[in-house]
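Just below is one structure, and these are the notes that go with it.
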Amino acid sequence: MNTRLLQRQILPLDRDSDVLPLYVDNQAAILDADKYEVGPDKTAQALNNAQIRQSINDGTQVHPDQLESRTALRVTQGDRLSLGTYFNAFPASYWRRHTVVDDVKLTVTLKGRGASVIVYKSMANGRSQRVEAADTGSNPEGTFTFDLPLKPFVDGGWYWYDVIASDEDAVVTSAEWTAEVPDDRAEHGTVDICVTTMNKPDFASKLLAQMGEDEQLRPYLDTVFVMEQGTKKVVDDPEFPAAEKALAKENGGSLLRIIEQGNLGGSGGYARGQLESVRKGTATYALMMDDDVVCEPEGIIRAVTFGDLAKQPTIVGGHMFSLFAKSRLHTFGEIVQPWRFWWQSAPGVIGDWDFGARNLRSTRWLHKRVDVDFNGWFMCLIPRVVIEEIGLSLPVFIKWDDSEYGLRAKEAGFPTVSFPGAAVWHVPWTDKNDALDWQSYFHQRNRFVAALLHSIYDDGGRMVTESFSHQVKHLVSMQYSTVHLRHKALLDVLAGPEKLHETLATQLPAVREMTKGFADADLKADRDAFPPVRRHKPPRKGKDDTEVPTNREVKLAALKAPLRQVLNPRKLAEEFPEAELAAMDNQWYRITRYDSAIVSMNDQQGAAFYRRDKKLFRQMLKDTIKVHRQLKRRWPELAEEYRTKLPEFTSPEAWEKTFEPWTVAEEKDTDGNRS
C-alpha cells in the first residue's frame, strides 16, 4: 500500500472576494427544513423553496489579507472559520461510492497558541455531527491527524473542519486528505487537455496561461490541444506568447499543440482532441474544456486523482459556476429525463445556487449524493480506455454531443460522476436563449438523434408529441424562422445518419441561410430601426400586459391562440408593432395577444419585429403535422438504423475522413517547413 494525496486545502489564486465563499466560510450554519417536515402541501413546499433561497449571510466577510498563500489561512484572534465549503470540504459519499478508498486521513497543521481544529461530518439529510477535535494548547504550533472512515456515507455526506483562534491569531498552514491505496494506484495519471476555440483568442490565451503557470498541475499535463476553428486566431492574441512560454518544456519542446481546422463545432473540435489523444496513446485521460472559462487548476488534479482511484473507468465531470456571479452554481448534476428525453437537473438538485447567500453547511439538499447521466463538456475528464471502447463524439456540430456520450458510456458500463471540488466559471446557459436562433436546428435534430439512439420507450416516449406542441407554440408566437429550422432538422433526422459527417462543415452556413427572409430572424441592434408602437386600441383599463398571469388565464390563452390564427392580422400591425416586449416577458401566452411586436433577444444585443402571417401559419402547421406523423410511424426502423450505425459514425476512421482536408494540409505544411 502507498499513501496518496486526495485533496488539499486551497485558497483563491487571485484573492477574489467574489469567490471566497467557495473556499472559506465565516457564516453560521442554519440548516433549512427537511422535506418530510415540510410535508406534501404544495403551498408549504413553494414557501419553503422560496425561503431556502433567502440569504442568511450577515454581511461580514473574510478579509483577503487572511489568505497568506495558496494553502495557508489566517484566523484572527477569537474568530472561527469553517472549511466546510465547496472547494475545501471532502465529498466523502462520492469517494465511498465510486472509488477503492475505504478510509481517509486528515492532517492539519496549525500555528498559534490555543488554536483548535474541530472535524465534522454530515449525513445525507444534511445534519452534521462533531467527529473529533484537537488544539495546540500552550504550544506555538501543532500537526494533528484524524483517521476517518468512509463507511457511514452510503447515500451522502461530507467531512470538513473548523478552525478557532484563541488569544492570538491562528494560521492553518496546510491541510491534506490522504489515503492508503494499492500499489498499482500509487502513481497519478496524466491528462490531455482538449480545448475547442472559435474566435475567443483572449479567453483561450488566459486559460492556457492559467494551466501552464500552475506548478502543481504541470506534472499532470501530457499535452494541451487547442482545436483552432476560428478566423481570430489564438496565436495572434497579445497574451498568447506568455501562454506559450508557460506551457514550454524545460528540456525543449512544448506541452501545447495548436490544431487548425474548419469550423466543425464543439463536437468536431472535441472529437479531434479525442482522436489525437487516443492516437498518441500516452495520456491516461482526455479532458474536454471550453475556451471561454476560468478554471480552478486544482480541480483538474482532483478529477484525475478521483479517476485514478475509481473502481472502474469513470468519466469525471466538473461543475459550472457563473462567470458573472462567481459564487453561483449553475447546476450540481444533470440527467436526461427518459420519458421526455430532455436534460434537466437531477432529482433534488436546485439550480442557480448561490453559496454566497447560503453556505454548504446550511444547505440540506447538497449533502445527498447526486448521481448523473452525463456532464457538460465545459469540463469533463474521459479515460482514454473509454474513448477506445465506445468511440468519439457524435458528428453533430453542437448540442447533445456531451449528453449522448454520457448515455453511451453508461450503457457500456462506464459511469459519469459530477465531482464536487472540480469546477470552472463560465457564462451560464440561463443568460442565453439558444432555442430560438440558428441553434434551434441543432437542438431539435440532435435531441432526436440522441433519443433514437438511447430512448428506452417505444416511439421515444413523449418526444414526438412534445416536439409537435413546441412547433405549435412557436407558430402562434410568430417565431416562423424557428419553426422552419426545427422542421428542417426533423427532415434531416428522417434522412438517416449517413450525412452527419458529410454535412458537418457546411451545415452552419446552410442553417444561417435558411433564416433569411423571416422577420423574426432579422435582428437590429438599434431600436430606432423599427417603427414606433401603435395599437388599434389601447389596453383595457390601461392594464399592464407584462403582469404574471394566473393558471386560468394561461389556459384561456392556449384556447384563444390557435383560434386567432384564422383571423386576418389587423392592418395597422403590418407596418407598426402593437407592443414592445423585453426578452424576459416574451412568453407564448403573452405574445399571442398581438399581431406584431418588437421582441428583444436574451443576449440583449438586438431585437426583431415579429409579424403574424396567416398564410404562412397554415402552411407550416400542415408541414409540421406531416413530419411528426412520419416520425411516429418510422420511429422503430429509424431507431434500429441509428443504433446499428452508431459504431461507424463515431469511429476514429469516420472522423479521420472528416478531418482529412485539414490533416493533409497540416502534413504538407509540416513537410514544407522541414524542407
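Chain labels run A, B, ... following the order of the C-alpha cells; each chain numbers its residues from 1, and ligands are numbered from 1 in the order shown.
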
| A:Tyr220: which residues within 10 Å, counting only C-alpha atoms, same-chain residues fewer than 3 positions away excluded, as a list in words? | His188, Gly189, Thr190, Val191, Asp192, Glu215, Gln216, Leu217, Thr223, Ala283, Thr284, Ile300, Ile301, Val304 and Thr305 of chain A

Generate the output file for the selected residues, N, CA and C atoms, as a tab-separated table (two decimals), in the first residue's frame.
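The result, stored in part-v5.tsv:
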```tsv
chain	number	residue	atom	x	y	z
A	188	HIS	N	0.03	8.92	-10.15
A	188	HIS	CA	-1.09	9.63	-10.76
A	188	HIS	C	-1.06	9.49	-12.28
A	189	GLY	N	-2.23	9.56	-12.89
A	189	GLY	CA	-2.33	9.54	-14.34
A	189	GLY	C	-2.00	10.90	-14.93
A	190	THR	N	-2.01	10.94	-16.24
A	190	THR	CA	-1.76	12.21	-16.94
A	190	THR	C	-2.95	12.51	-17.85
A	191	VAL	N	-3.03	13.78	-18.27
A	191	VAL	CA	-4.22	14.21	-18.99
A	191	VAL	C	-3.86	15.05	-20.21
A	192	ASP	N	-4.56	14.80	-21.29
A	192	ASP	CA	-4.54	15.69	-22.45
A	192	ASP	C	-5.72	16.65	-22.32
A	215	GLU	N	2.12	25.33	-10.96
A	215	GLU	CA	3.20	24.36	-10.76
A	215	GLU	C	2.68	23.00	-10.29
A	216	GLN	N	1.59	23.00	-9.53
A	216	GLN	CA	1.04	21.74	-9.04
A	216	GLN	C	0.40	20.94	-10.17
A	217	LEU	N	-0.18	21.65	-11.14
A	217	LEU	CA	-0.86	20.97	-12.25
A	217	LEU	C	0.10	20.44	-13.30
A	223	THR	N	-0.42	16.72	-22.86
A	223	THR	CA	-0.47	17.66	-23.98
A	223	THR	C	-1.69	18.55	-23.81
A	283	ALA	N	-1.42	9.57	-22.69
A	283	ALA	CA	-2.13	10.14	-21.55
A	283	ALA	C	-3.21	9.18	-21.07
A	284	THR	N	-3.47	9.21	-19.76
A	284	THR	CA	-4.49	8.35	-19.18
A	284	THR	C	-5.88	8.86	-19.51
A	300	ILE	N	-8.68	20.17	-11.78
A	300	ILE	CA	-8.19	19.18	-12.76
A	300	ILE	C	-7.42	18.09	-12.04
A	301	ILE	N	-6.58	18.49	-11.09
A	301	ILE	CA	-5.82	17.50	-10.32
A	301	ILE	C	-6.76	16.57	-9.57
A	304	VAL	N	-8.44	14.05	-11.94
A	304	VAL	CA	-7.50	12.99	-12.31
A	304	VAL	C	-7.33	12.02	-11.14
A	305	THR	N	-7.16	12.54	-9.94
A	305	THR	CA	-6.96	11.69	-8.76
A	305	THR	C	-8.17	10.79	-8.53
```

| field | Neighbour list for A:Met320 as a list in words, cut-off 10 Å, only C-alpha atoms, skip fewer than 5 positions in-chain | value | Val293, Cys295, Lys326, Arg328, Leu329, His330, Thr331, Phe332, Gly333, Asp352, Gly376, Phe378, Met379, Ala422, Ala423, Val424, Trp425, His426, Val427 and Pro428 of chain A

For the selection just defined, write its residues with C-alpha atoms to a file, as a PDB file, in the first residue's frame.
```pdb
ATOM      1  CA  VAL A 293     -13.861  29.553 -18.982  1.00  0.00           C
ATOM      2  CA  CYS A 295     -10.725  27.173 -14.339  1.00  0.00           C
ATOM      3  CA  LYS A 326     -18.940  33.766  -9.209  1.00  0.00           C
ATOM      4  CA  ARG A 328     -23.500  30.976  -8.061  1.00  0.00           C
ATOM      5  CA  LEU A 329     -23.510  27.311  -9.093  1.00  0.00           C
ATOM      6  CA  HIS A 330     -25.365  26.629 -12.338  1.00  0.00           C
ATOM      7  CA  THR A 331     -26.265  23.029 -11.525  1.00  0.00           C
ATOM      8  CA  PHE A 332     -24.914  20.286  -9.278  1.00  0.00           C
ATOM      9  CA  GLY A 333     -25.679  17.374 -11.579  1.00  0.00           C
ATOM     10  CA  ASP A 352     -28.512  28.520  -9.823  1.00  0.00           C
ATOM     11  CA  GLY A 376     -21.219  19.025 -19.827  1.00  0.00           C
ATOM     12  CA  PHE A 378     -17.199  22.711 -20.399  1.00  0.00           C
ATOM     13  CA  MET A 379     -15.079  20.475 -18.107  1.00  0.00           C
ATOM     14  CA  ALA A 422     -13.778  20.348  -9.631  1.00  0.00           C
ATOM     15  CA  ALA A 423     -15.247  23.338 -11.435  1.00  0.00           C
ATOM     16  CA  VAL A 424     -14.930  26.187 -13.916  1.00  0.00           C
ATOM     17  CA  TRP A 425     -16.521  29.607 -14.203  1.00  0.00           C
ATOM     18  CA  HIS A 426     -18.480  30.006 -17.446  1.00  0.00           C
ATOM     19  CA  VAL A 427     -21.275  32.085 -18.957  1.00  0.00           C
ATOM     20  CA  PRO A 428     -24.364  30.216 -17.653  1.00  0.00           C
TER      21      PRO A 428
END
```

| message | Set the distance at 12 Å and use only C-alpha atoms: which residues neighbour A:Glu466 once local chain neighbours fewer than 6 positions away are removed? I'd like the list as a PyMOL selection string. | response | chain A and resi 339-342+444+448+460+472-473+628+632

How about saving the chosen residues, N, CA and C atoms kept, as an mmCIF file, in the first residue's frame?
```cif
data_model
loop_
_atom_site.group_PDB
_atom_site.id
_atom_site.type_symbol
_atom_site.label_atom_id
_atom_site.label_comp_id
_atom_site.auth_asym_id
_atom_site.auth_seq_id
_atom_site.Cartn_x
_atom_site.Cartn_y
_atom_site.Cartn_z
ATOM 1 N N TRP A 339 -38.591 9.903 -20.197
ATOM 2 C CA TRP A 339 -39.863 9.958 -20.906
ATOM 3 C C TRP A 339 -39.913 11.128 -21.878
ATOM 4 N N ARG A 340 -39.429 12.310 -21.418
ATOM 5 C CA ARG A 340 -39.376 13.484 -22.294
ATOM 6 C C ARG A 340 -38.103 13.496 -23.135
ATOM 7 N N PHE A 341 -37.102 12.750 -22.700
ATOM 8 C CA PHE A 341 -35.766 12.771 -23.278
ATOM 9 C C PHE A 341 -35.280 14.221 -23.403
ATOM 10 N N TRP A 342 -35.179 14.844 -22.234
ATOM 11 C CA TRP A 342 -34.711 16.224 -22.157
ATOM 12 C C TRP A 342 -33.788 16.327 -20.949
ATOM 13 N N GLN A 444 -32.929 20.594 -31.997
ATOM 14 C CA GLN A 444 -34.000 19.696 -32.429
ATOM 15 C C GLN A 444 -33.430 18.428 -33.071
ATOM 16 N N PHE A 448 -33.278 14.495 -31.215
ATOM 17 C CA PHE A 448 -33.935 13.336 -31.802
ATOM 18 C C PHE A 448 -32.931 12.229 -32.144
ATOM 19 N N GLY A 460 -39.999 6.705 -28.578
ATOM 20 C CA GLY A 460 -39.307 7.809 -27.915
ATOM 21 C C GLY A 460 -40.065 8.452 -26.788
ATOM 22 N N VAL A 472 -46.165 24.161 -32.512
ATOM 23 C CA VAL A 472 -47.383 24.972 -32.478
ATOM 24 C C VAL A 472 -47.165 26.218 -31.616
ATOM 25 N N LYS A 473 -46.485 26.051 -30.500
ATOM 26 C CA LYS A 473 -46.213 27.195 -29.618
ATOM 27 C C LYS A 473 -45.400 28.251 -30.354
ATOM 28 N N HIS A 628 -44.343 15.098 -38.243
ATOM 29 C CA HIS A 628 -44.455 14.396 -36.966
ATOM 30 C C HIS A 628 -45.176 13.058 -37.117
ATOM 31 N N LYS A 632 -43.475 9.452 -36.023
ATOM 32 C CA LYS A 632 -44.185 8.467 -35.200
ATOM 33 C C LYS A 632 -44.228 7.110 -35.892
#
```

| query | What gap, in Å, lies between atom CA of A:Met227 and atom CA of A:Glu276? | reply | 10.6 Å

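Shell of stretch 134-143 of chain A at 6 Å, with only C-alpha atoms counted and residues fewer than 5 places along the chain excluded, is Val108, Thr109, Leu110, Lys111, Gly112, Arg113, Gly114, Ala115, Ser116 and Val117 of chain A.
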
| Neighbours of stretch 494-503 of chain A within 9 Å (only C-alpha atoms; same-chain residues fewer than 3 positions away dropped), as a PyMOL selection string? | chain A and resi 394-396+449+489-491+506-508+627+630-631+634+638+641-642+645-646+649+654-655+657-658

| field | Length of the atom CA of A:Glu334 to atom CA of A:Trp377 vector [Å] | value | 12.4 Å

| query | Neighbours of A:Gly265 within 8 Å (only C-alpha atoms; same-chain residues fewer than 6 positions away dropped), as an NGL selection string? | reply | :A and (229 or 396-398)

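Atom pair atom CA of A:Ala579 / atom CA of A:Ser596: separated by 7.1 Å.
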
| How would you write, as an NGL selection string, the set of residues in stretch 327-459 of chain A that DSSP gives as alpha helix (DSSP H)? | :A and (384-390 or 401-411 or 439-454)
